[in-house]
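S.K.: If you scroll down you'll find the structure; I have some questions about it.
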Amino acid sequence: MGISTESAQFTAEQAELWATYSETLASLNLHLDRCLKEEVKLKLTDYKILESLVDSSQKLGLGADNPPLDPAVVRMRDLAQITAVSPSRLTYQVNNLCQQGLVRKIPIPNDRRGKGVAITNQGWKVYKKAQPVYLREVHHLALAHFKPETERALYTFCLAVQSRLNAL
């Protein structure tokens with residue numbers, strides 16, 4: 001997997017850019033995790049799982065401001081890919097969320113081993129309580145001070161990296 005990079009070298013500027021970028025994302029995620037835990041008693045990883053399930057339901061038109069009566073069921077393997085969480089870690093996280101009553105596992109028809117996950121009404125309520133905390137912190141620390149051209153450049157950079165990752 002991957003591309004041979006035996007001769008790849010960072011310039012001094014690239015090394016500084018990558019170190020700063022990586023440290024910034026790690027620090028921001030730690031901060032978001034801390035805020036969510038303090039204000040809503042929810043881990044950042046759990047928030048991202050709930051967010052993915054809410055987004056899936058909204059894309060299907062199943063609920064926007066109110067919990068959907070029949071929320072979308074997302075396959076565990078798809079949820080792992082969407083959230084960038086390893087399958088084993090996702091299983092652990094989903095089991096914890098099930099114990100808290102925030103999600104439920106659902107068998108996938110025609111696939112004995114396949115499991116799906118759907119958000120519960122309680123999960124939807126917790127997500128709606130956590131969302132303003134997440135948005136407030138990301139906006140204040142990362143987005144509020146960007147100029148539109150900087151936003152576009154960062155967005156373009158992220159899409160290009162994702163495209164190369166998806167091509168692997």
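To be explicit about the labels: the chains of the structure tokens are called A, B, and onward in the order shown, and within each one the residues are counted from 1, while ligands get numbers from 1 in the order they are shown.
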DSSP on the backbone: which residues in chain A end up as helix (DSSP H, G or I)? Give the answer as a PyMOL selection string.
M.R.: chain A and resi 12-40+44-59+76-83+87-99+121-143+148-166
S.K.: List every residue of segment 115-161 of chain A that has an atom at most 12 Å from any atom of segment 46-58 of chain A, and for each one report the closest atom pair and its distance in Å to one decimal, counting only C-alpha atoms, with rows sorted by chain and then by increasing residue number, as a tab-separated table.
M.R.:
residue	atom	partner	partner_atom	distance
A:Gly116	CA	A:Leu53	CA	10.6
A:Val117	CA	A:Leu53	CA	7.9
A:Ala118	CA	A:Leu53	CA	6.5
A:Ile119	CA	A:Leu53	CA	6.1
A:Thr120	CA	A:Leu50	CA	9.6
A:Asn121	CA	A:Val54	CA	10.8
A:Gln122	CA	A:Leu50	CA	10.8
A:Gly123	CA	A:Leu50	CA	7.0
A:Trp124	CA	A:Val54	CA	7.3
A:Lys125	CA	A:Leu50	CA	10.2
A:Val126	CA	A:Leu50	CA	8.8
A:Tyr127	CA	A:Leu50	CA	6.3
A:Lys128	CA	A:Glu51	CA	9.3
A:Lys129	CA	A:Tyr47	CA	10.4
A:Ala130	CA	A:Tyr47	CA	7.4
A:Gln131	CA	A:Tyr47	CA	8.2
A:Pro132	CA	A:Tyr47	CA	11.6
A:Val133	CA	A:Tyr47	CA	10.7
A:Tyr134	CA	A:Tyr47	CA	8.8
A:Leu135	CA	A:Tyr47	CA	11.7
S.K.: Tell me, in Å to one decimal, how far atom CA of Asn29 of chain A is from atom CA of Leu42 of chain A.
M.R.: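 Going from atom CA of Asn29 of chain A over to atom CA of Leu42 of chain A, I get 13.2 Å.
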S.K.: Name the closest residue to Leu143 of chain A among the candidates A:Leu168, A:Tyr155, A:Arg75, A:Leu90; distances are taken between atoms, counting only C-alpha atoms.
M.R.: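 Looking only at the distances to Leu143 of chain A, the closest residue turns out to be A:Tyr155.
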S.K.: Have a look at atom CA of Cys98 of chain A and atom CA of Met76 of chain A and let me know their distance in Å, one decimal.
M.R.: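 Between these atoms lies a distance of 13.3 Å.
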